[in-house]
file my_file-v3.txt (compact mmCIF, C-alpha atoms and all ligand atoms)
# COMPACT_ATOMS: atom_id res chain seq x y z
CA ASP A 1 -63.69 -73.86 72.73
CA VAL A 2 -60.98 -71.71 74.22
CA ASP A 3 -61.94 -72.59 77.81
CA ASP A 4 -61.43 -76.32 77.17
CA VAL A 5 -57.98 -75.64 75.77
CA THR A 6 -57.10 -73.34 78.65
CA LYS A 7 -58.25 -75.92 81.20
CA TYR A 8 -56.11 -78.58 79.54
CA ILE A 9 -53.06 -76.33 79.48
CA ASN A 10 -53.48 -75.21 83.09
CA LYS A 11 -53.58 -78.82 84.20
CA LEU A 12 -50.48 -79.51 82.16
CA ASN A 13 -48.57 -76.63 83.73
CA SER A 14 -49.77 -76.82 87.30
CA ASN A 15 -47.33 -79.62 88.04
CA ALA A 16 -44.21 -78.08 86.54
CA PRO A 17 -42.26 -76.70 89.51
CA PRO A 18 -39.74 -73.92 88.86
CA SER A 19 -36.08 -74.81 88.67
CA SER A 20 -33.00 -73.49 90.37
CA MET A 21 -32.04 -72.18 86.93
CA SER A 22 -35.17 -70.01 86.61
CA GLY A 23 -34.15 -66.45 85.90
CA LEU A 24 -30.52 -67.45 85.41
CA ALA A 25 -30.31 -65.34 82.22
CA LYS A 26 -32.50 -62.48 83.38
CA GLY A 27 -32.17 -59.38 81.21
CA LYS A 28 -29.69 -60.91 78.77
CA ASN A 29 -29.94 -60.69 75.00
CA VAL A 30 -31.25 -63.85 73.39
CA ILE A 31 -29.54 -65.02 70.22
CA LEU A 32 -31.34 -67.93 68.63
CA ILE A 33 -29.65 -69.82 65.81
CA SER A 34 -31.51 -72.19 63.51
CA LEU A 35 -29.09 -74.83 62.27
CA GLU A 36 -30.45 -75.76 58.87
CA SER A 37 -31.19 -79.48 58.46
CA THR A 38 -28.86 -80.37 61.33
CA GLN A 39 -29.51 -83.72 62.97
CA GLN A 40 -28.01 -84.65 66.27
CA LEU A 41 -26.24 -87.63 64.73
CA VAL A 42 -23.43 -85.31 63.60
CA ILE A 43 -22.66 -84.20 67.16
CA ASN A 44 -19.53 -85.83 68.58
CA ARG A 45 -19.25 -88.00 65.45
CA LYS A 46 -16.11 -88.48 63.44
CA ILE A 47 -15.98 -89.30 59.78
CA ASN A 48 -12.68 -90.74 58.57
CA GLY A 49 -11.12 -89.61 61.84
CA GLU A 50 -12.34 -86.00 61.67
CA GLU A 51 -14.98 -84.35 63.81
CA ILE A 52 -17.97 -83.12 61.81
CA THR A 53 -18.86 -80.40 64.34
CA PRO A 54 -15.64 -79.57 66.22
CA PHE A 55 -16.89 -76.19 67.41
CA LEU A 56 -20.30 -77.37 68.59
CA ASN A 57 -18.60 -80.28 70.35
CA LEU A 58 -16.41 -77.77 72.14
CA ILE A 59 -19.15 -75.38 73.29
CA LEU A 60 -21.37 -78.27 74.38
CA LYS A 61 -19.03 -78.73 77.29
CA ASP A 62 -19.90 -75.38 78.82
CA SER A 63 -23.51 -75.19 77.71
CA LEU A 64 -26.82 -76.68 78.73
CA TYR A 65 -27.04 -79.59 76.35
CA PHE A 66 -30.18 -81.64 75.72
CA PRO A 67 -29.21 -84.92 74.03
CA ASN A 68 -32.81 -86.24 73.88
CA PHE A 69 -34.34 -83.40 71.95
CA TYR A 70 -36.46 -83.91 68.79
CA HIS A 71 -37.66 -81.76 65.93
CA GLN A 72 -41.43 -81.88 65.45
CA THR A 73 -41.74 -80.23 62.06
CA ALA A 74 -44.01 -81.29 59.20
CA GLN A 75 -44.39 -79.89 55.67
CA GLY A 76 -43.61 -76.32 56.77
CA LYS A 77 -39.97 -77.31 57.48
CA THR A 78 -37.90 -74.33 58.74
CA SER A 79 -41.07 -72.29 59.20
CA ASP A 80 -42.71 -75.01 61.30
CA ALA A 81 -39.75 -74.96 63.67
CA GLU A 82 -39.92 -71.17 63.87
CA PHE A 83 -43.66 -71.35 64.50
CA MET A 84 -43.30 -73.84 67.35
CA ILE A 85 -40.52 -71.88 69.01
CA ASP A 86 -42.33 -68.56 68.92
CA ASN A 87 -45.78 -69.90 69.82
CA GLY A 88 -45.50 -73.20 71.70
CA LEU A 89 -48.14 -74.66 69.39
CA TYR A 90 -47.87 -77.59 66.97
CA PRO A 91 -47.44 -77.13 63.23
CA LEU A 92 -50.31 -78.10 60.94
CA SER A 93 -50.50 -81.54 59.36
CA GLY A 94 -50.47 -79.98 55.89
CA GLY A 95 -48.71 -76.85 54.64
CA SER A 96 -47.21 -74.15 56.86
CA VAL A 97 -49.02 -71.98 59.42
CA PHE A 98 -46.88 -69.10 58.10
CA VAL A 99 -48.61 -69.43 54.74
CA ARG A 100 -52.04 -70.61 55.82
CA ARG A 101 -52.77 -68.49 58.90
CA PRO A 102 -50.60 -65.35 58.83
CA ARG A 103 -53.47 -63.05 59.84
CA ASN A 104 -54.41 -64.86 63.04
CA ASP A 105 -53.94 -63.29 66.43
CA PHE A 106 -50.99 -64.96 68.08
CA TYR A 107 -49.26 -64.21 71.34
CA ALA A 108 -45.80 -64.98 70.11
CA LEU A 109 -42.45 -64.76 71.84
CA PRO A 110 -41.49 -61.31 70.41
CA GLU A 111 -44.70 -59.87 71.83
CA ILE A 112 -44.20 -61.48 75.24
CA LEU A 113 -40.56 -60.38 75.42
CA LYS A 114 -41.56 -56.86 74.43
CA GLU A 115 -43.50 -56.63 77.70
CA ASP A 116 -40.06 -56.88 79.35
CA GLY A 117 -38.49 -54.32 77.04
CA TYR A 118 -36.98 -56.66 74.46
CA TYR A 119 -36.49 -55.59 70.84
CA SER A 120 -36.78 -58.44 68.31
CA ALA A 121 -35.28 -59.10 64.90
CA VAL A 122 -34.82 -61.92 62.41
CA PHE A 123 -31.75 -62.33 60.22
CA HIS A 124 -32.11 -64.53 57.14
CA SER A 125 -30.64 -63.88 53.74
CA ASN A 126 -33.46 -65.25 51.64
CA ASP A 127 -36.31 -63.32 49.98
CA GLU A 128 -38.71 -61.89 52.55
CA THR A 129 -41.59 -63.61 50.76
CA PHE A 130 -40.20 -67.15 51.26
CA TRP A 131 -42.56 -69.01 53.64
CA ASN A 132 -44.52 -65.75 53.76
CA ARG A 133 -42.11 -64.64 56.44
CA GLU A 134 -42.58 -60.88 55.95
CA ASN A 135 -46.27 -61.13 56.86
CA MET A 136 -45.97 -63.73 59.58
CA TYR A 137 -43.10 -61.94 61.32
CA GLU A 138 -45.17 -58.78 61.48
CA THR A 139 -48.10 -60.73 62.92
CA MET A 140 -45.83 -62.31 65.53
CA GLY A 141 -44.57 -58.91 66.61
CA TYR A 142 -41.02 -58.82 65.24
CA ASP A 143 -39.64 -55.31 65.04
CA GLN A 144 -37.21 -55.94 62.15
CA PHE A 145 -36.59 -58.53 59.46
CA PHE A 146 -33.14 -58.39 57.87
CA SER A 147 -33.91 -60.35 54.70
CA LYS A 148 -31.91 -60.79 51.52
CA LYS A 149 -32.13 -57.12 50.52
CA TYR A 150 -30.04 -56.15 53.57
CA TYR A 151 -27.09 -58.30 52.43
CA HIS A 152 -24.52 -58.10 49.65
CA VAL A 153 -25.18 -61.28 47.78
CA SER A 154 -23.04 -62.18 44.79
CA GLU A 155 -22.18 -65.20 42.72
CA GLU A 156 -18.98 -65.56 44.75
CA ASN A 157 -20.44 -65.50 48.23
CA SER A 158 -23.46 -67.70 47.42
CA VAL A 159 -24.16 -71.36 47.04
CA ASN A 160 -27.40 -73.32 46.67
CA TYR A 161 -30.22 -71.19 48.24
CA GLY A 162 -28.09 -68.07 48.58
CA LEU A 163 -25.58 -66.29 50.79
CA LYS A 164 -23.18 -68.68 52.50
CA ASP A 165 -23.33 -68.87 56.28
CA ILE A 166 -19.92 -67.29 56.99
CA PRO A 167 -20.56 -64.05 55.03
CA PHE A 168 -24.12 -64.15 56.37
CA PHE A 169 -22.90 -63.89 59.97
CA GLU A 170 -20.17 -61.39 59.04
CA GLN A 171 -22.61 -59.08 57.31
CA SER A 172 -25.18 -59.43 60.11
CA ILE A 173 -22.88 -58.15 62.85
CA PRO A 174 -23.13 -54.41 62.03
CA TYR A 175 -26.94 -54.65 62.15
CA LEU A 176 -26.89 -56.68 65.34
CA LYS A 177 -24.56 -54.20 67.02
CA ASP A 178 -27.01 -51.40 66.34
CA LEU A 179 -30.09 -53.11 67.80
CA PRO A 180 -31.56 -51.70 71.00
CA GLN A 181 -30.77 -53.99 73.93
CA PRO A 182 -31.92 -56.29 75.33
CA PHE A 183 -32.81 -57.99 72.06
CA TYR A 184 -34.20 -61.28 70.85
CA ALA A 185 -32.37 -61.98 67.59
CA LYS A 186 -33.06 -65.01 65.45
CA PHE A 187 -30.55 -66.19 62.84
CA LEU A 188 -31.54 -68.71 60.19
CA THR A 189 -28.61 -70.45 58.53
CA LEU A 190 -28.94 -71.77 55.01
CA THR A 191 -25.84 -73.46 53.59
CA ASN A 192 -26.58 -76.90 55.02
CA HIS A 193 -29.65 -77.31 52.85
CA PHE A 194 -30.47 -80.17 50.51
CA PRO A 195 -28.80 -81.04 48.12
CA PHE A 196 -25.80 -79.95 50.25
CA LEU A 197 -23.66 -78.14 47.69
CA LEU A 198 -20.33 -76.60 48.60
CA GLU A 199 -17.40 -75.07 46.76
CA PRO A 200 -13.99 -76.68 47.27
CA GLU A 201 -12.65 -73.59 49.08
CA ASP A 202 -15.35 -73.96 51.76
CA GLN A 203 -14.57 -77.56 52.57
CA PHE A 204 -13.08 -78.01 55.99
CA LEU A 205 -13.24 -81.82 56.02
CA LYS A 206 -10.25 -83.49 54.48
CA ASP A 207 -12.55 -86.27 53.29
CA ASP A 208 -12.14 -85.37 49.62
CA GLU A 209 -13.21 -88.42 47.66
CA GLU A 210 -14.61 -87.56 44.24
CA ASN A 211 -18.36 -87.65 43.64
CA PRO A 212 -19.23 -88.14 47.26
CA ASP A 213 -22.65 -89.53 48.02
CA LEU A 214 -25.33 -87.37 49.57
CA VAL A 215 -24.58 -88.37 53.15
CA HIS A 216 -20.94 -87.32 52.81
CA ARG A 217 -21.91 -84.09 51.11
CA TYR A 218 -24.19 -83.51 54.09
CA PHE A 219 -21.31 -83.98 56.52
CA ARG A 220 -19.26 -81.46 54.55
CA THR A 221 -21.90 -78.75 54.62
CA VAL A 222 -22.54 -79.40 58.32
CA ARG A 223 -18.80 -78.98 58.85
CA TYR A 224 -18.97 -75.65 57.01
CA GLU A 225 -21.93 -74.56 59.13
CA ASP A 226 -19.95 -75.43 62.27
CA GLU A 227 -17.12 -73.18 61.05
CA ALA A 228 -19.66 -70.39 60.47
CA ILE A 229 -20.93 -70.69 64.06
CA LYS A 230 -17.36 -70.51 65.30
CA ARG A 231 -16.80 -67.35 63.28
CA PHE A 232 -20.01 -65.87 64.67
CA PHE A 233 -18.93 -66.52 68.26
CA THR A 234 -15.59 -64.84 67.55
CA LEU A 235 -17.39 -61.80 66.13
CA LEU A 236 -19.82 -61.63 69.05
CA LYS A 237 -16.83 -61.53 71.42
CA LYS A 238 -14.99 -58.94 69.32
CA ASN A 239 -18.01 -56.69 69.28
CA GLY A 240 -18.78 -56.90 72.98
CA LEU A 241 -22.02 -58.79 72.48
CA TYR A 242 -21.01 -62.16 73.88
CA ASP A 243 -20.99 -61.60 77.64
CA ASN A 244 -24.45 -60.09 77.89
CA SER A 245 -26.16 -62.62 75.61
CA ILE A 246 -27.30 -66.21 75.75
CA ILE A 247 -26.90 -68.18 72.56
CA ILE A 248 -29.39 -70.92 71.78
CA LEU A 249 -28.78 -73.31 68.90
CA TYR A 250 -31.26 -75.81 67.50
CA GLY A 251 -31.52 -78.07 64.48
CA ASP A 252 -34.67 -77.20 62.53
CA HIS A 253 -35.39 -80.65 61.03
CA TYR A 254 -33.74 -83.69 59.48
CA GLY A 255 -31.39 -83.30 56.54
CA ILE A 256 -31.12 -86.89 55.38
CA SER A 257 -34.52 -88.08 54.26
CA LYS A 258 -35.70 -91.67 54.16
CA SER A 259 -34.67 -91.98 50.50
CA TYR A 260 -31.02 -91.85 51.62
CA HIS A 261 -31.26 -94.24 54.54
CA LYS A 262 -29.44 -97.01 52.70
CA GLU A 263 -26.36 -94.76 52.52
CA LEU A 264 -26.85 -93.66 56.09
CA GLU A 265 -27.13 -97.24 57.32
CA GLN A 266 -23.61 -97.82 56.05
CA VAL A 267 -22.24 -94.86 57.98
CA LEU A 268 -24.13 -95.73 61.17
CA ASP A 269 -23.41 -99.41 60.67
CA LYS A 270 -26.92 -100.41 61.70
CA GLU A 271 -30.33 -101.01 60.25
CA ILE A 272 -32.75 -98.07 60.36
CA THR A 273 -35.87 -99.60 61.89
CA PRO A 274 -39.02 -97.52 62.58
CA ASN A 275 -37.77 -97.00 66.16
CA GLU A 276 -34.38 -95.90 64.82
CA GLN A 277 -36.09 -93.63 62.28
CA ILE A 278 -37.72 -91.74 65.19
CA ASP A 279 -34.38 -91.62 66.99
CA LEU A 280 -32.90 -89.96 63.89
CA GLN A 281 -35.36 -87.09 64.37
CA LYS A 282 -33.24 -85.90 67.27
CA VAL A 283 -31.67 -82.51 66.59
CA PRO A 284 -29.10 -80.51 68.56
CA PHE A 285 -30.45 -78.24 71.26
CA ILE A 286 -27.77 -76.22 73.03
CA ILE A 287 -28.13 -73.25 75.36
CA HIS A 288 -24.87 -71.41 75.84
CA ILE A 289 -24.84 -68.99 78.76
CA PRO A 290 -21.45 -67.26 78.95
CA GLY A 291 -19.94 -67.61 82.40
CA GLU A 292 -22.14 -70.55 83.40
CA LYS A 293 -20.99 -74.14 83.74
CA GLY A 294 -22.11 -76.80 81.31
CA LYS A 295 -24.73 -79.41 82.14
CA ILE A 296 -26.22 -82.34 80.26
CA ILE A 297 -29.99 -82.32 80.70
CA LYS A 298 -31.34 -85.70 79.74
CA THR A 299 -35.08 -85.00 79.70
CA ILE A 300 -36.87 -85.71 76.45
CA GLY A 301 -38.08 -82.56 74.72
CA GLY A 302 -38.99 -81.00 71.43
CA GLN A 303 -39.26 -77.70 69.62
CA THR A 304 -42.62 -76.90 71.23
CA ASP A 305 -40.69 -76.66 74.53
CA ILE A 306 -38.13 -74.05 73.51
CA ARG A 307 -40.36 -71.06 74.26
CA GLN A 308 -41.16 -72.11 77.84
CA THR A 309 -37.50 -72.93 78.40
CA ILE A 310 -36.43 -69.47 77.24
CA LEU A 311 -39.07 -67.72 79.37
CA ASP A 312 -38.01 -69.79 82.38
CA LEU A 313 -34.32 -68.91 81.92
CA LEU A 314 -35.18 -65.22 81.54
CA GLY A 315 -37.55 -65.37 84.51
CA ILE A 316 -40.33 -63.82 82.42
CA HIS A 317 -44.03 -64.32 83.17
CA PRO A 318 -46.31 -63.29 80.28
CA GLU A 319 -48.94 -60.69 81.13
CA LYS A 320 -51.73 -62.33 79.14
CA PRO A 321 -53.00 -65.91 79.46
CA VAL A 322 -50.78 -68.26 77.47
CA ILE A 323 -51.91 -71.18 75.35
CA ASP A 324 -48.76 -73.18 74.97
CA PHE A 325 -48.14 -76.93 74.78
CA GLY A 326 -44.52 -76.55 75.81
CA HIS A 327 -42.79 -77.52 79.01
CA SER A 328 -39.71 -75.81 80.37
CA LEU A 329 -36.89 -78.28 79.87
CA ILE A 330 -34.95 -76.87 82.82
CA SER A 331 -37.91 -77.56 85.11
CA LYS A 332 -37.32 -79.98 87.99
CA LYS A 333 -40.01 -82.18 86.52
CA PRO A 334 -38.79 -83.74 83.28
CA LYS A 335 -41.10 -83.74 80.30
CA ASP A 336 -42.77 -87.12 79.82
CA LEU A 337 -44.15 -87.05 76.26
CA VAL A 338 -42.97 -85.66 72.92
CA VAL A 339 -45.65 -85.67 70.24
CA PHE A 340 -44.92 -85.66 66.52
CA ARG A 341 -47.29 -84.22 63.98
CA ASP A 342 -48.15 -87.62 62.46
CA GLY A 343 -49.26 -88.99 65.84
CA SER A 344 -46.02 -90.81 66.55
CA PHE A 345 -44.61 -90.05 69.98
CA VAL A 346 -41.82 -90.84 72.42
CA THR A 347 -41.85 -91.14 76.19
CA LYS A 348 -38.86 -91.68 78.44
CA LYS A 349 -39.03 -95.43 77.73
CA TYR A 350 -41.16 -96.01 74.65
CA THR A 351 -41.57 -95.05 71.03
CA PHE A 352 -44.89 -95.28 69.24
CA THR A 353 -44.71 -95.13 65.47
CA GLU A 354 -46.19 -96.88 62.42
CA ASN A 355 -48.77 -98.54 64.66
CA ALA A 356 -46.23 -100.31 66.84
CA CYS A 357 -44.85 -99.73 70.30
CA TYR A 358 -41.11 -100.10 70.96
CA ASN A 359 -38.80 -100.10 73.91
CA LYS A 360 -37.05 -96.91 72.82
CA LEU A 361 -33.59 -97.85 74.06
CA THR A 362 -33.38 -101.51 73.05
CA GLY A 363 -35.49 -101.10 69.90
CA VAL A 364 -37.46 -104.24 70.78
CA LYS A 365 -41.17 -104.24 69.91
CA VAL A 366 -43.29 -104.37 73.08
CA LYS A 367 -46.96 -104.88 73.98
CA MET A 368 -49.21 -102.11 72.67
CA SER A 369 -50.51 -101.61 76.23
CA LYS A 370 -47.22 -99.84 77.04
CA CYS A 371 -48.16 -97.09 74.59
CA THR A 372 -51.97 -96.91 74.75
CA PRO A 373 -52.08 -94.84 77.99
CA TYR A 374 -50.70 -91.89 76.00
CA PHE A 375 -53.04 -92.07 73.00
CA ASP A 376 -55.68 -89.65 74.34
CA ARG A 377 -53.15 -87.04 75.34
CA VAL A 378 -51.45 -87.20 71.96
CA GLN A 379 -54.70 -86.67 70.09
CA ASN A 380 -55.82 -83.96 72.51
CA GLU A 381 -52.63 -81.97 72.09
CA LEU A 382 -52.75 -82.06 68.31
CA ASN A 383 -56.48 -81.36 68.13
CA PHE A 384 -56.42 -78.53 70.66
CA SER A 385 -53.49 -76.95 68.87
CA ASP A 386 -55.30 -77.22 65.51
CA ASN A 387 -58.42 -75.71 67.08
CA VAL A 388 -56.43 -72.75 68.36
CA ILE A 389 -54.99 -72.15 64.90
CA PHE A 390 -58.06 -72.80 62.74
CA GLY A 391 -60.43 -71.11 65.19
CA ASP A 392 -58.05 -68.17 65.67
CA LEU A 393 -58.76 -68.63 69.37
CA LEU A 394 -56.00 -66.37 70.65
CA ARG A 395 -58.07 -63.39 69.48
CA PHE A 396 -60.06 -63.89 72.71
CA ASN A 397 -56.93 -63.26 74.77
CA ASP A 398 -57.42 -59.51 75.03
CA GLU A 399 -61.11 -59.91 75.88
CA LYS A 400 -60.15 -62.29 78.69
CA MET A 401 -57.73 -59.71 80.05
CA ALA A 402 -60.52 -57.12 80.16
CA GLU A 403 -62.84 -59.40 82.18
C1 LIG B 1 -35.28 -70.98 53.20
C2 LIG B 1 -35.21 -71.83 54.41
C3 LIG B 1 -34.90 -73.26 54.11
O1 LIG B 1 -35.59 -69.65 53.48
O2 LIG B 1 -36.38 -71.68 55.15
O3 LIG B 1 -35.94 -73.95 53.55
P1 LIG B 1 -36.66 -75.23 54.22
O4 LIG B 1 -35.71 -75.92 55.11
O5 LIG B 1 -37.83 -74.71 54.95
O6 LIG B 1 -37.01 -76.09 53.06
MN MN B 2 -34.90 -75.86 57.05
call {"tool": "encode", "arguments": {"input": "my_file-v3.txt", "output": "structure tokens"}}
result
Amino acid sequence: DVDDVTKYINKLNSNAPPSSMSGLAKGKNVILISLESTQQLVINRKINGEEITPFLNLILKDSLYFPNFYHQTAQGKTSDAEFMIDNGLYPLSGGSVFVRRPRNDFYALPEILKEDGYYSAVFHSNDETFWNRENMYETMGYDQFFSKKYYHVSEENSVNYGLKDIPFFEQSIPYLKDLPQPFYAKFLTLTNHFPFLLEPEDQFLKDDEENPDLVHRYFRTVRYEDEAIKRFFTLLKKNGLYDNSIIILYGDHYGISKSYHKELEQVLDKEITPNEQIDLQKVPFIIHIPGEKGKIIKTIGGQTDIRQTILDLLGIHPEKPVIDFGHSLISKKPKDLVVFRDGSFVTKKYTFTENACYNKLTGVKVKMSKCTPYFDRVQNELNFSDNVIFGDLLRFNDEKMAE
């Protein structure tokens, strides 16, 4: 029941000491950017001599950068990442919480931030019904959802799923400027989506071989996305929104699925073993705080940790009891376990996947006894999280407050 979960969480959190960075971004706007299908392998990588993400590589240097950060999504893809970030819970093993449990009581990030006077909005130029976002956003306490109907979408400015990222950011700025501050604004990019289509005029990589394979098409659309982020930063500065905001960027999930690993092996010039396959689930996680120096934070972490990290940086303590499996990644105590929905996991040293235990860094298979000490915790986390969702346990939150 809810008390068991609460006990577990309290134990988990009691040993996470605050950091010197706690409250560093107090009162600032929070701009969260979902980088569609963006894996960390593109960061600081060149293809035929050209950087794939020149702008991200540049801002990394004066940002908090987490190079050991993993996506933890399952079938709910983008929506799973959104769910984890706003709730600190795991996604479900099948389907999307957005679709399956939109009427639950949650205590999501918009609601918590509202206690500190934050207004919240989502910007995403797809239909509001996709992933049942319109309903789930309302449940999670968002004040506004700028969906497709708020944008001018034409044949010319669209590709694949819809509006291209550059016009998306350009058209979002007038809305963003008008939001009450401080705000929590989430932007979901779209152009870097399978099957990674792009018009010639949007190609910023010179790599122009004909009929490129999927992996090269992927690099091209990532390169376009990078250009869109650059444009967005320029517009934030122009409109006076940059200095009083923190900008958080994260990759939502992988872009290159297992079916394309043969092509990817050629680019990486190595075999993709099960240990390597887990390593490929790393996604960018970058926190840009204007005026602050950059820092590489090597702790392992995942999308379930973003919410606690944001709250820590803002110095916000939720009023109600929180059920959250996340760990602030700026805490002095590094996180020691990242759990994936299928029961795979990584620790600082080991990877457990496909029923084998690996030395994460060397890729060598090791004795199972290196991994077994974590098995109970992994199952507990996933089960407790499922219980919270299927039992709608957060509905007891208000009752607890009244006690
Ligand atoms: C579409 C966006 C992308 O709105 O969520 O789809 P996904 O990555 O979830 O397949
Ligand atoms: Mn996605």
call {"tool": "atom_distance", "arguments": {"input": "my_file-v3.txt", "atom1": "atom CA of A:Leu41", "atom2": "atom CA of A:Thr362"}}
result
17.7 Å
call {"tool": "residues_near_ligand", "arguments": {"input": "my_file-v3.txt", "ligand": "ligand MN 2 (chain B)", "cutoff": "7 Å", "atoms": "all atoms listed in the file", "output": "NGL selection string"}}
result
:A and (36-37 or 77-78 or 193 or 252-253)
call {"tool": "axis_aligned_box", "arguments": {"input": "my_file-v3.txt", "around": "stretch 141-144 of chain A", "padding_each_side": "5 Å", "output": "JSON"}}
result
{"center_x": -40.9, "center_y": -57.1, "center_z": 64.4, "size_x": 17.4, "size_y": 13.6, "size_z": 14.5}
call {"tool": "residues_around", "arguments": {"input": "my_file-v3.txt", "residues": "A:Leu197", "least_positions_apart": "5", "cutoff": "10 Å", "atoms": "only C-alpha atoms", "output": "VMD selection string"}}
result
chain A and resid 159 to 161 191 to 192 214 217 to 218 220 to 221
call {"tool": "residues_near_ligand", "arguments": {"input": "my_file-v3.txt", "ligand": "ligand LIG 1 (chain B)", "cutoff": "9 Å", "atoms": "only C-alpha atoms and all ligand atoms", "output": "ChimeraX atom specification"}}
result
/A:36-37,75-81,124-131,133,161,188-190,193-194,252-253,255
call {"tool": "closest_residue", "arguments": {"input": "my_file-v3.txt", "among": "A:Asp342, A:Pro274, A:Lys332, A:Gly302", "to": "A:Tyr358", "atoms": "all atoms listed in the file"}}
result
A:Pro274
call {"tool": "atom_distance", "arguments": {"input": "my_file-v3.txt", "atom1": "atom CA of A:Leu179", "atom2": "atom CA of A:Asp165"}}
result
20.7 Å
call {"tool": "atom_distance", "arguments": {"input": "my_file-v3.txt", "atom1": "atom CA of A:Phe285", "atom2": "atom CA of A:Asp324"}}
result
19.4 Å
call {"tool": "closest_residue", "arguments": {"input": "my_file-v3.txt", "among": "A:Arg101, A:Lys28, A:Lys270, A:Lys61", "to": "A:Val388", "atoms": "all atoms listed in the file"}}
result
A:Arg101
call {"tool": "residues_around", "arguments": {"input": "my_file-v3.txt", "residues": "A:Ile389", "least_positions_apart": "2", "cutoff": "12 Å", "atoms": "all atoms listed in the file", "output": "PyMOL selection string"}}
result
chain A and resi 1-2+5+83+87-93+96-98+100-107+323-324+382-387+391-395
call {"tool": "residues_around", "arguments": {"input": "my_file-v3.txt", "residues": "A:Gly240", "least_positions_apart": "6", "cutoff": "12 Å", "atoms": "all atoms listed in the file", "output": "list in words"}}
result
Asn29, Ile173, Leu176, Lys177, Asp178, Phe233 and Thr234 of chain A
call {"tool": "residues_around", "arguments": {"input": "my_file-v3.txt", "residues": "stretch 226-228 of chain A", "least_positions_apart": "3", "cutoff": "10 Å", "atoms": "all atoms listed in the file", "output": "short mmCIF file (atom, residue, chain, number, x, y, z; two decimals) with C-alpha atoms, keeping the file's coordinate frame"}}
result
data_model
loop_
_atom_site.label_atom_id
_atom_site.label_comp_id
_atom_site.auth_asym_id
_atom_site.auth_seq_id
_atom_site.Cartn_x
_atom_site.Cartn_y
_atom_site.Cartn_z
CA LEU A 35 -29.09 -74.83 62.27
CA ILE A 52 -17.97 -83.12 61.81
CA THR A 53 -18.86 -80.40 64.34
CA PRO A 54 -15.64 -79.57 66.22
CA PHE A 55 -16.89 -76.19 67.41
CA LEU A 56 -20.30 -77.37 68.59
CA ASN A 57 -18.60 -80.28 70.35
CA LYS A 164 -23.18 -68.68 52.50
CA ASP A 165 -23.33 -68.87 56.28
CA ILE A 166 -19.92 -67.29 56.99
CA PRO A 167 -20.56 -64.05 55.03
CA PHE A 168 -24.12 -64.15 56.37
CA PHE A 169 -22.90 -63.89 59.97
CA GLU A 170 -20.17 -61.39 59.04
CA THR A 189 -28.61 -70.45 58.53
CA THR A 191 -25.84 -73.46 53.59
CA ASN A 192 -26.58 -76.90 55.02
CA ASP A 202 -15.35 -73.96 51.76
CA GLN A 203 -14.57 -77.56 52.57
CA PHE A 204 -13.08 -78.01 55.99
CA ARG A 220 -19.26 -81.46 54.55
CA THR A 221 -21.90 -78.75 54.62
CA VAL A 222 -22.54 -79.40 58.32
CA ARG A 223 -18.80 -78.98 58.85
CA ARG A 231 -16.80 -67.35 63.28
CA PHE A 232 -20.01 -65.87 64.67
CA PHE A 233 -18.93 -66.52 68.26
CA THR A 234 -15.59 -64.84 67.55
#
call {"tool": "closest_residue", "arguments": {"input": "my_file-v3.txt", "among": "A:Lys237, A:Lys365, A:Lys348, A:Lys370", "to": "A:Pro290", "atoms": "all atoms listed in the file"}}
result
A:Lys237
call {"tool": "closest_residue", "arguments": {"input": "my_file-v3.txt", "among": "A:Gln39, A:Arg45, A:Ser154, A:Ser172", "to": "A:Leu236", "atoms": "all atoms listed in the file"}}
result
A:Ser172
call {"tool": "closest_residue", "arguments": {"input": "my_file-v3.txt", "among": "A:Ser22, A:Gly95, A:Tyr8, A:Ile246", "to": "A:Arg377", "atoms": "all atoms listed in the file"}}
result
A:Tyr8
call {"tool": "residues_near_point", "arguments": {"input": "my_file-v3.txt", "point": "(-47.3, -100.3, 65.5)", "cutoff": "10 Å", "atoms": "all atoms listed in the file", "output": "PyMOL selection string"}}
result
chain A and resi 274+344+351-358+365-368+371
call {"tool": "residues_around", "arguments": {"input": "my_file-v3.txt", "residues": "A:Ile248", "least_positions_apart": "3", "cutoff": "10 Å", "atoms": "all atoms listed in the file", "output": "list in words"}}
result
Val30, Ile31, Leu32, Ile33, Ser34, Ser63, Leu64, Lys186, Ser245, Phe285, Ile286, Ile287, His288, Ile289, Ile306 and Ile310 of chain A
